[in-house]
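A.B. asks: Dropping in coords.json, which is JSON, C-alpha atoms and all ligand atoms:
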```json
[["chain", "number", "residue", "atom", "x", "y", "z"],
["A", 7, "VAL", "CA", 16.39, -21.37, -24.64],
["A", 8, "SER", "CA", 13.28, -21.00, -26.78],
["A", 9, "ALA", "CA", 14.20, -17.91, -28.79],
["A", 10, "CYS", "CA", 10.89, -16.10, -28.27],
["A", 11, "LEU", "CA", 11.59, -15.95, -24.50],
["A", 12, "LEU", "CA", 14.63, -13.76, -25.24],
["A", 13, "GLY", "CA", 12.44, -11.22, -27.03],
["A", 14, "GLU", "CA", 13.19, -12.49, -30.53],
["A", 15, "ARG", "CA", 10.17, -11.85, -32.74],
["A", 16, "VAL", "CA", 9.84, -15.39, -34.05],
["A", 17, "ARG", "CA", 6.32, -16.36, -32.99],
["A", 18, "TRP", "CA", 3.63, -17.29, -35.47],
["A", 19, "ASP", "CA", 2.02, -13.86, -35.10],
["A", 20, "GLY", "CA", 5.31, -11.98, -35.51],
["A", 21, "GLY", "CA", 5.58, -11.27, -31.79],
["A", 22, "ASP", "CA", 7.77, -12.47, -28.95],
["A", 23, "LYS", "CA", 7.31, -13.76, -25.42],
["A", 24, "ARG", "CA", 10.18, -11.95, -23.69],
["A", 25, "ASP", "CA", 10.47, -13.21, -20.14],
["A", 26, "ALA", "CA", 12.04, -10.86, -17.62],
["A", 27, "PHE", "CA", 13.43, -13.60, -15.35],
["A", 28, "VAL", "CA", 14.96, -15.49, -18.26],
["A", 29, "VAL", "CA", 16.53, -12.41, -19.86],
["A", 30, "ASP", "CA", 17.40, -10.18, -16.91],
["A", 31, "VAL", "CA", 18.20, -12.70, -14.16],
["A", 32, "LEU", "CA", 19.17, -15.99, -15.78],
["A", 33, "GLY", "CA", 20.80, -14.14, -18.67],
["A", 34, "ARG", "CA", 23.43, -12.66, -16.32],
["A", 35, "ARG", "CA", 24.55, -16.14, -15.25],
["A", 36, "VAL", "CA", 24.47, -18.25, -18.41],
["A", 37, "ARG", "CA", 25.26, -18.10, -22.11],
["A", 38, "PHE", "CA", 22.10, -18.73, -24.11],
["A", 39, "VAL", "CA", 21.77, -20.73, -27.30],
["A", 40, "PRO", "CA", 18.50, -19.49, -28.88],
["A", 41, "VAL", "CA", 16.44, -22.11, -30.71],
["A", 42, "CYS", "CA", 13.20, -21.65, -32.65],
["A", 43, "PRO", "CA", 12.38, -24.97, -34.29],
["A", 44, "GLU", "CA", 9.49, -23.55, -36.32],
["A", 45, "VAL", "CA", 11.60, -20.82, -37.93],
["A", 46, "GLU", "CA", 14.48, -23.27, -38.41],
["A", 47, "ILE", "CA", 12.36, -25.58, -40.59],
["A", 48, "GLY", "CA", 11.28, -22.64, -42.73],
["A", 49, "MET", "CA", 7.75, -22.04, -41.52],
["A", 50, "GLY", "CA", 8.39, -18.28, -41.68],
["A", 51, "VAL", "CA", 7.29, -15.28, -39.60],
["A", 52, "PRO", "CA", 4.40, -14.64, -39.48],
["A", 53, "ARG", "CA", 3.03, -18.13, -40.19],
["A", 54, "PRO", "CA", -0.22, -20.03, -39.77],
["A", 55, "PRO", "CA", -0.38, -21.46, -36.23],
["A", 56, "VAL", "CA", 0.09, -25.20, -35.72],
["A", 57, "ARG", "CA", -1.33, -27.44, -33.05],
["A", 58, "LEU", "CA", -0.86, -30.96, -31.73],
["A", 59, "VAL", "CA", -3.43, -33.52, -32.81],
["A", 60, "ARG", "CA", -3.82, -37.02, -31.44],
["A", 61, "GLY", "CA", -1.96, -39.56, -33.59],
["A", 62, "ALA", "CA", -1.13, -43.25, -33.50],
["A", 63, "GLY", "CA", 1.50, -43.35, -30.78],
["A", 64, "ALA", "CA", 2.71, -39.75, -30.63],
["A", 65, "PRO", "CA", 0.88, -36.49, -31.32],
["A", 66, "ARG", "CA", 1.14, -34.96, -34.78],
["A", 67, "MET", "CA", 1.88, -31.32, -35.58],
["A", 68, "VAL", "CA", -0.73, -29.93, -37.92],
["A", 69, "ASP", "CA", -1.52, -26.50, -39.39],
["A", 70, "ALA", "CA", -4.79, -25.62, -37.69],
["A", 71, "ALA", "CA", -6.31, -23.98, -40.78],
["A", 72, "SER", "CA", -5.04, -25.90, -43.82],
["A", 73, "GLY", "CA", -4.45, -29.30, -42.21],
["A", 74, "LYS", "CA", -0.84, -29.41, -43.50],
["A", 75, "ASP", "CA", 1.05, -31.97, -41.47],
["A", 76, "TRP", "CA", 4.52, -30.83, -40.30],
["A", 77, "THR", "CA", 5.24, -33.88, -38.14],
["A", 78, "GLU", "CA", 7.85, -35.63, -40.31],
["A", 79, "VAL", "CA", 9.79, -32.47, -41.18],
["A", 80, "MET", "CA", 9.81, -31.27, -37.60],
["A", 81, "THR", "CA", 10.69, -34.67, -36.14],
["A", 82, "LEU", "CA", 13.69, -35.05, -38.44],
["A", 83, "HIS", "CA", 14.84, -31.50, -37.69],
["A", 84, "VAL", "CA", 14.54, -31.66, -33.91],
["A", 85, "GLU", "CA", 16.43, -34.97, -33.74],
["A", 86, "ARG", "CA", 19.34, -33.46, -35.65],
["A", 87, "ARG", "CA", 19.14, -30.18, -33.72],
["A", 88, "VAL", "CA", 19.13, -31.81, -30.29],
["A", 89, "LYS", "CA", 22.08, -34.04, -31.20],
["A", 90, "ALA", "CA", 24.02, -30.96, -32.42],
["A", 91, "LEU", "CA", 23.15, -29.09, -29.22],
["A", 92, "ALA", "CA", 24.38, -32.07, -27.19],
["A", 93, "ARG", "CA", 27.73, -31.96, -29.00],
["A", 94, "ALA", "CA", 27.96, -28.20, -28.34],
["A", 95, "GLY", "CA", 27.66, -28.84, -24.60],
["A", 96, "LEU", "CA", 24.39, -27.77, -23.02],
["A", 97, "ASP", "CA", 23.81, -27.56, -19.26],
["A", 98, "GLY", "CA", 20.07, -26.90, -19.35],
["A", 99, "PHE", "CA", 17.16, -25.63, -21.40],
["A", 100, "VAL", "CA", 14.33, -23.14, -20.78],
["A", 101, "LEU", "CA", 11.33, -23.92, -22.95],
["A", 102, "LYS", "CA", 8.29, -21.84, -23.89],
["A", 103, "SER", "CA", 5.25, -23.33, -22.17],
["A", 104, "GLY", "CA", 2.22, -24.43, -24.16],
["A", 105, "SER", "CA", 3.90, -24.43, -27.57],
["A", 106, "PRO", "CA", 3.32, -27.38, -29.94],
["A", 107, "SER", "CA", 7.07, -27.30, -30.59],
["A", 108, "CYS", "CA", 8.61, -26.17, -27.31],
["A", 109, "GLY", "CA", 5.98, -26.89, -24.64],
["A", 110, "HIS", "CA", 7.12, -29.13, -21.82],
["A", 111, "ALA", "CA", 4.37, -31.70, -21.07],
["A", 112, "ASP", "CA", 1.65, -29.02, -20.95],
["A", 113, "VAL", "CA", 0.52, -28.77, -24.58],
["A", 114, "ARG", "CA", -3.11, -29.38, -25.41],
["A", 115, "VAL", "CA", -3.50, -32.29, -27.84],
["A", 116, "HIS", "CA", -6.69, -32.10, -29.87],
["A", 117, "GLY", "CA", -8.65, -35.33, -29.66],
["A", 118, "ALA", "CA", -6.74, -36.55, -26.60],
["A", 119, "ARG", "CA", -7.58, -36.30, -22.94],
["A", 120, "ARG", "CA", -4.08, -35.55, -21.70],
["A", 121, "PRO", "CA", -1.60, -32.83, -22.59],
["A", 122, "ASP", "CA", 1.78, -33.82, -24.01],
["A", 123, "SER", "CA", 5.11, -32.25, -24.94],
["A", 124, "GLY", "CA", 5.82, -30.31, -28.11],
["A", 125, "LEU", "CA", 8.02, -32.06, -30.68],
["A", 126, "PHE", "CA", 11.25, -30.24, -29.77],
["A", 127, "ALA", "CA", 10.68, -30.71, -26.04],
["A", 128, "ALA", "CA", 10.00, -34.41, -26.64],
["A", 129, "ALA", "CA", 13.28, -34.75, -28.55],
["A", 130, "LEU", "CA", 15.18, -33.05, -25.70],
["A", 131, "ALA", "CA", 13.67, -35.53, -23.24],
["A", 132, "LYS", "CA", 14.44, -38.49, -25.54],
["A", 133, "TYR", "CA", 18.04, -37.70, -26.45],
["A", 134, "LEU", "CA", 19.15, -35.72, -23.35],
["A", 135, "PRO", "CA", 17.14, -37.31, -20.52],
["A", 136, "ASP", "CA", 19.48, -35.99, -17.80],
["A", 137, "LEU", "CA", 19.44, -32.38, -19.01],
["A", 138, "PRO", "CA", 17.81, -29.92, -16.58],
["A", 139, "VAL", "CA", 14.74, -28.56, -18.41],
["A", 140, "GLU", "CA", 12.08, -26.09, -17.26],
["A", 141, "ASP", "CA", 9.61, -23.70, -18.83],
["A", 142, "GLU", "CA", 9.13, -20.02, -18.11],
["A", 143, "GLN", "CA", 5.80, -20.58, -16.34],
["A", 144, "ARG", "CA", 7.17, -23.08, -13.84],
["A", 145, "LEU", "CA", 10.21, -20.84, -13.28],
["A", 146, "ARG", "CA", 7.88, -18.24, -11.73],
["A", 147, "ASP", "CA", 7.93, -20.45, -8.62],
["A", 148, "PRO", "CA", 11.00, -19.53, -6.50],
["A", 149, "ARG", "CA", 11.49, -23.16, -5.41],
["A", 150, "VAL", "CA", 11.49, -24.36, -9.01],
["A", 151, "ARG", "CA", 13.98, -21.59, -9.89],
["A", 152, "ALA", "CA", 16.32, -22.54, -7.06],
["A", 153, "THR", "CA", 16.23, -26.23, -7.97],
["A", 154, "PHE", "CA", 16.76, -25.49, -11.65],
["A", 155, "LEU", "CA", 19.77, -23.24, -10.97],
["A", 156, "ALA", "CA", 21.31, -25.86, -8.68],
["A", 157, "ARG", "CA", 20.82, -28.53, -11.35],
["A", 158, "LEU", "CA", 22.43, -26.28, -13.99],
["A", 159, "VAL", "CA", 25.51, -25.84, -11.82],
["A", 160, "ALA", "CA", 25.69, -29.55, -11.02],
["A", 161, "HIS", "CA", 25.37, -30.44, -14.71],
["A", 162, "GLN", "CA", 28.13, -28.00, -15.65],
["A", 163, "GLN", "CA", 30.43, -29.40, -12.96],
["A", 164, "GLN", "CA", 29.72, -32.94, -14.09],
["A", 165, "ARG", "CA", 30.45, -32.00, -17.69],
["A", 166, "GLY", "CA", 33.69, -30.28, -16.64],
["A", 167, "GLY", "CA", 34.73, -33.38, -14.68],
["A", 168, "ASP", "CA", 33.95, -35.64, -17.65],
["A", 169, "ARG", "CA", 36.03, -33.41, -19.95],
["A", 170, "ALA", "CA", 39.00, -33.49, -17.56],
["A", 171, "ARG", "CA", 38.82, -37.28, -17.30],
["A", 172, "ARG", "CA", 38.74, -37.61, -21.11],
["A", 173, "ARG", "CA", 41.86, -35.41, -21.39],
["A", 174, "ARG", "CA", 43.74, -37.61, -18.90],
["A", 175, "THR", "CA", 42.92, -40.89, -20.70],
["B", 1, "LIG", "S1", 7.67, -21.40, -28.67],
["B", 1, "LIG", "FE1", 9.39, -22.34, -29.76],
["B", 1, "LIG", "S2", 8.68, -22.61, -31.86],
["B", 1, "LIG", "FE2", 7.27, -21.17, -30.87],
["B", 1, "LIG", "S3", 8.12, -19.15, -31.36],
["B", 1, "LIG", "FE3", 8.97, -19.74, -29.38],
["B", 1, "LIG", "S4", 10.92, -20.69, -29.91],
["B", 1, "LIG", "FE4", 9.72, -20.64, -31.79]]
```
Please rewrite the model in this file as structure tokens.
C.D. replies:
Amino acid sequence: VSACLLGERVRWDGGDKRDAFVVDVLGRRVRFVPVCPEVEIGMGVPRPPVRLVRGAGAPRMVDAASGKDWTEVMTLHVERRVKALARAGLDGFVLKSGSPSCGHADVRVHGARRPDSGLFAAALAKYLPDLPVEDEQRLRDPRVRATFLARLVAHQQQRGGDRARRRRT
């Protein structure tokens, strides 16, 4: 889960985005692995906000005020992080909507007509394409919640089955 949704004060402005459904409902059923890619690469709290800017191919992550480009550092980090999360055994991920790191296909890209995913969300989709992923905004819809929970359970059962088969061979 994006760490700010758990109430961790890791956002650029020193605040959080605690989400009651994620913490109080989902939190009773799952074990969370909190991830804040921006803090993990040493951007600090508080920090200047970054945004996505149209680039050749994929969007770039740029400090809105200074123009500092974080794309390479963040891309390297999220690839390693997602691969480590895969080895740890994830069954799903809840992302923070609209974030240039965590946003799931809804992030404004300056200079482009269409929104895109943040760099961490894009790495999740690239390296774990079958992982159930939602954001806290979409999870306000009861049908999206129900589908997401069912997919989490199915993913866990599939993973358990795969583990058992590996033990037998
Ligand atoms: S949206 Fe992602 S990068 Fe931004 S504060 Fe939350 S966890 Fe950190």
A.B. asks: If you take all atoms listed in the file and a cut-off of 9 Å, which residues of segment 23-101 of chain A touch segment 127-150 of chain A, and what are their nearest atom pairs and distances in Å to one decimal, in chain and number order, as CSV?
C.D. replies:
```
residue,atom,partner,partner_atom,distance
A:Asp25,CA,A:Glu142,CA,7.2
A:Phe27,CA,A:Arg146,CA,8.1
A:Val28,CA,A:Glu142,CA,7.4
A:Thr81,CA,A:Ala129,CA,8.0
A:Val84,CA,A:Ala129,CA,6.3
A:Glu85,CA,A:Ala129,CA,6.1
A:Val88,CA,A:Leu130,CA,6.2
A:Lys89,CA,A:Tyr133,CA,7.2
A:Ala92,CA,A:Leu134,CA,7.4
A:Leu96,CA,A:Leu137,CA,7.9
A:Asp97,CA,A:Leu137,CA,6.5
A:Gly98,CA,A:Pro138,CA,4.7
A:Phe99,CA,A:Val139,CA,4.8
A:Val100,CA,A:Glu140,CA,5.1
A:Leu101,CA,A:Asp141,CA,4.5
```
A.B. asks: Keeping only C-alpha atoms, write the selected residues to a file as a compact mmCIF listing (two decimals), keeping the file's coordinate frame.
C.D. replies:
```txt
# COMPACT_ATOMS: atom_id res chain seq x y z
CA ASP A 25 10.47 -13.21 -20.14
CA PHE A 27 13.43 -13.60 -15.35
CA VAL A 28 14.96 -15.49 -18.26
CA THR A 81 10.69 -34.67 -36.14
CA VAL A 84 14.54 -31.66 -33.91
CA GLU A 85 16.43 -34.97 -33.74
CA VAL A 88 19.13 -31.81 -30.29
CA LYS A 89 22.08 -34.04 -31.20
CA ALA A 92 24.38 -32.07 -27.19
CA LEU A 96 24.39 -27.77 -23.02
CA ASP A 97 23.81 -27.56 -19.26
CA GLY A 98 20.07 -26.90 -19.35
CA PHE A 99 17.16 -25.63 -21.40
CA VAL A 100 14.33 -23.14 -20.78
CA LEU A 101 11.33 -23.92 -22.95
```
A.B. asks: Taking all atoms listed in the file into account, list the residues no farther than 8 Å from ligand LIG 1 (chain B), as number ranges by chain.
C.D. replies: A: 7-11, 15-18, 22-23, 40-45, 101-109
A.B. asks: For atom CA of Gly13 of chain A and atom CA of Ala111 of chain A, quote the distance in Å rounded to one decimal.
C.D. replies: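 Going from atom CA of Gly13 of chain A over to atom CA of Ala111 of chain A, I get 22.8 Å.
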A.B. asks: Rank nothing, just name the residue among A:Leu12, A:Met49, A:Ala90, A:Val56 nearest to Ala26 of chain A, using all atoms listed in the file.
C.D. replies: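 Selected residue with least distance to Ala26 of chain A: A:Leu12.
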A.B. asks: Neighbours of Asp75 of chain A within 12 Å (all atoms listed in the file; same-chain residues fewer than 5 positions away dropped), as an MDAnalysis selection string?
C.D. replies: chainID A and resid 49 55:59 61 65:70 80:81
A.B. asks: Which is closer to Arg119 of chain A than all the others in A:Arg60, A:Arg172, A:Thr77, A:Leu82, using all atoms listed in the file?
C.D. replies: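 So, comparing all the options, the nearest one is A:Arg60.
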A.B. asks: What does the distance between atom CA of Val79 of chain A and atom CA of Arg53 of chain A come to in Å, to one decimal place?
C.D. replies: 15.9 Å
A.B. asks: Rounded to one decimal, what separation in Å do you get between atom CA of His83 of chain A and atom CA of Phe126 of chain A?
C.D. replies: 8.8 Å
A.B. asks: Around all the atoms of segment 112-124 of chain A listed in the file, draw an axis-aligned box and extend it by 4 Å on each of the six sides; I want its centre and edge lengths in Å to one decimal, as AutoDock Vina command-line options.
C.D. replies:
```
--center_x -1.4 --center_y -32.7 --center_z -25.4 --size_x 22.5 --size_y 15.8 --size_z 16.9
```
A.B. asks: Looking at A:Ala118, A:Gly95, A:Val113, A:Phe154, which one is nearest to Asp168 of chain A, with distances taken over only C-alpha atoms?
C.D. replies: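 Checking each candidate against Asp168 of chain A, we get A:Gly95 as the closest.
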A.B. asks: With only C-alpha atoms as the atoms that count, which of A:Gly21, A:Pro121, A:Arg174, A:Val36 lies nearest to Leu158 of chain A?
C.D. replies: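 Of all the options, A:Val36 lies closest to Leu158 of chain A.
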A.B. asks: Counting all atoms listed in the file, figure out which residue out of A:Leu155, A:Leu125, A:Val51, A:Val31 gets nearest to Glu78 of chain A.
C.D. replies: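 Smallest separation from Glu78 of chain A among the options: A:Leu125.
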A.B. asks: So which one's closest to Ser123 of chain A, A:Arg165, A:Arg34, A:His110, A:Arg87? Using all atoms listed in the file, please.
C.D. replies: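 The answer is A:His110, which sits nearest to Ser123 of chain A.
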